[in-house]
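A short write-up of the structure that comes next.
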Amino acid sequence: MKSDDHTNQDMQVGQLTGERAAEIDHLSESRRVYNHLDWWKAAEWVGSDLFSCALIHGKVAAALLAVPVALDARHDWREEWFCIPGGLGGAPTQPQMAFHASRLRMAMHPLRTAWLRWCGVADGVSASRVLKALFEYSEAQWIKAGITQIYSIIEPGHWFDHYLRKNQYALLDEVVTMICSPQSRSVQSHPQGVQSHPQARSVQSHQMVIRRASDHDLAAVCDVDKNAFEEMWQFPLFILRRTLATSAYSTVAEIGERVVGYQMTALTEGDAHITRLAVHTDFQRCGIGGALLADTMTFMKLWYDAQHITLNTQASNQASQRLYERFGFVALSPRFRVMGKSLKA
Amino acid sequence: MKKPKAKQDDSVQRENVRRAQEAGKRQAATSARRSVDDDRNSRRFVPDRHVNNDPQGMQSHVSVPVPALIRRAFVFAVVIVGVGLVLYALIKNLASGLPIPLPLALSSQRAEETPTSAPPAQRIGIVSGHKGNDSGSVCQDGLTEAQVNYDIAVRVATMLRSQGYTVDILDEFDARLKGYHAALLLSVHADSCTYVNDLATGFKVARVLDSKIPQEEDRLVACLTTRYMASTGLRFHQNTVTFDMTKYHAFYEIDERTPGAIIETGFLYLDRQVLTQKPQLVAQGIYDGLICFLNNQQGMRSRENPKSS
C-alpha cells in the first residue's frame, strides 16, 4: 500500500504492491473473477501503476487492473520479461517485478486509452462495497496517468457487467465471433480474392507475396496494425510479439518490400482461431485480406485438419463481416459487449 | 691422348651443346606456347621470362655446373628449414590458444566432425532437455525433468533407429550442435512440476521465430502437434509458448538447413501420469510426428483417436 491509500474503517484501497503477488494468485481462484488478460496471469502485472486493490484486515479482498494501449506502440517493455531464465510460467521475483514496474512507468507516457483487463473479488466479500471504493480510487489514478478513455469487453450475464453499469460504463459496440468449417475444396481458392476484385490488377502488377511472418517483421506489422485499427483496438508491439510466438501460422502480405497486411492464427483444442488479420488502409478492398484468409484456411485445414476456424470482429465493422461471410463464416451468439467510459479530471 | 681426347671431347661437347641449345630452343618455344595457352585459359599473368630465349635459362636445360647444384641444394635446404620453422611456430601458437591440450583437442575435433557416417537426410538429432547441464524442473519426490526427457528421447531414438535412421541423442549444450546438419533436430523438454492452476496441463510445440526455413519448420510443428495430441490425448497449451522456446539456443547453433522444433511434452505436475506411466504413448506421439514430417504427410483429425483414454 502506498501513502495515499484511501481508508474506510477496516478497508484500505491503494496501489497493489509487489509483495501481494501470491495473494493475487490466490484471488484468481475465487468465484468472482473477470479476466481479459489473454496470455498473462494477473500476478504478472503486480507492480503496474494501474493495478489497485482493496484490503480488508490487511488481506487483498479485491483487485482491479487496467492495461493501457501504449501509444508508443513500438516500446517493447515486456520483451525482457519473457527472456528471464526461470521466470517463465512461475511467479516473478520481487526484483523482477520492481524492474518491470519501472519499465511500465517509462512506457506509459503519454496515455489516453486503456482496457479494464482483470478484476477479482475474494469469496465471502461484498462485491458492491469493495468495488465501489476500488473504482473510485482506480479512476482517480487512471486520470492522473492521463487516461481519458477506459474500455472493457464482457459477455452478457457476467457478474462484472452489473458493476460496470453501476459505474456508468455504457455499451459502445459488440464483438461478434464468427465460425466456419473449412472444406478442402472450398479453401483451395477464395471466392472474391485478388483475382476477381476490380482493383486487383494494381495489386497484381506489384506482385503481392504472402510469406511467413518472422519477428523481424514485427515493426512493420505494428505499423499496419496502427494504421488499420482504431486506437482502442490496436495491439502494441509486446502483444503482437506474444501473439506471433503463440501462433500456429502467421503470415504477412508483401508488395515489393513493404508489408501491407498480416494475419496470425492460433491453434485452440484442435481448431483454429484467427487472432488478428489486418490490411493497411492504402491497400484495402484489393483482395489482400481475402488472400490472407484463404491461405490461412488452406494451411490450417491441410496441416492441422482444423474442423472449425473462428475469429472475432466488431459488430460495427460491416466490411470485414461481409468478407468473412463470403468465405463461409457465420456469426455466433451471444455477442460480447464492448463497454466504455470517458474519464474526466 | 688426354688432350686430343680432350679436344675431341671438346668438339663432341660443343656439338652436344649445339644440339642441346637447339633442343632447348624447341622446348622453350613449346613451353612458351603452353604458357600463352595457359594464360588464355586461366587469364593469369605469365611473366615474360617464360617465353624469353634467355641463354641463362636455356643453359639450365643443357648442363648444370657443380656450383649451381650446390647453390640449388642450399636454397632447397633453406626453404625446407624455413617451412619447418613456420609450421612449428603456427602449431605452437594454435596450441597455446586452445583451452585443452592439443592432442585431446585434435582427437575430440575428429570425433565431432564425424559423429556418424549417415547422410543428413538419414540423421536425426534429439536434444534430451537439460542433459549434461542441469536437472530442469524438480518434483517434490526428486523426479527431475531431465530424467523424464531422457527416457522419452531414448524411446523415440529406438523407434527411429528401427526404421533405419541414425539418431544422435544430444546434451542440452552439446558441442555437436554447432553446425549440426540433419533431417531435423527436436529438443524434448517438459514443463514445471509445481502446481500453477488447474489449467496448467498440456503440451506445446514451437519453432524459432526468425526461421530461415519457416515453411519446413511450420510443417514439422504441425506434424508434431497433431500426432502428439492424437497419441497422448493431451491438450495443446499454446498460450504458454515462451521466448525460451521461440528463441531456443540450439536453433541458433545448428546448420540453418536443419529444421528444428522444441516440444514441451506436458506439465510434470498435472500430466505426470502420462509422462511417467505412459511414456510409450508420449514417445509414439513424437515418433509419429517426426515420421509425418519426414514422409511429408498432411493433417489428421487428432481428436478422433486419442489413445490415452
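Ordered as shown in the C-alpha cells, chains take letters A, B, and onward, while each chain numbers its residues from 1 and ligands are numbered from 1 in the order shown.
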
Per residue of chain B within 7 Å of chain A, record the nearest atom pair and its distance in Å to one decimal, counting only C-alpha atoms, with rows in chain order and ascending residue number, as CSV.
residue,atom,partner,partner_atom,distance
B:Leu209,CA,A:Ser214,CA,5.4
B:Asp210,CA,A:Ser214,CA,4.9
B:Pro214,CA,A:Arg212,CA,6.5
B:Ala222,CA,A:Trp303,CA,5.9
B:Thr226,CA,A:Tyr304,CA,6.3
B:Arg235,CA,A:Glu269,CA,6.2
B:Phe236,CA,A:Glu269,CA,6.0
B:Gln238,CA,A:Thr246,CA,5.6
B:Asn239,CA,A:Trp39,CA,5.5
B:Val241,CA,A:Thr246,CA,5.6
B:Thr242,CA,A:Phe82,CA,6.6
B:Phe243,CA,A:Phe82,CA,5.8
B:Asp244,CA,A:Cys83,CA,6.7
B:Thr246,CA,A:Ala245,CA,6.7
B:Gln298,CA,A:Trp303,CA,5.2
B:Gly299,CA,A:Trp303,CA,4.1
B:Met300,CA,A:Asp305,CA,5.4
B:Arg301,CA,A:Asp305,CA,5.8

Name the residues in contact with A:His280 at a cut-off of 8 Å, using only C-alpha atoms, excluding same-chain residues fewer than 4 positions from it; report them as a PyMOL selection string. chain A and resi 224-225+227-228+260-261+284

Which residues in stretch 186-262 of chain B does DSSP call helix (DSSP H, G or I)? List them as a count of residues only. 30

Long-range neighbours of stretch 168-174 of chain B as a PyMOL selection string, 7 Å cut-off, only C-alpha atoms, 5 positions minimum in chain: chain B and resi 124-133

Just checking: using only C-alpha atoms, which residue out of A:Phe229, A:Gly256, A:Ile56, A:Ala21 ends up closest to A:Arg129? A:Ile56

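When atom CA of A:Leu16 is paired with atom CA of A:Leu134, their separation reads 11.4 Å.
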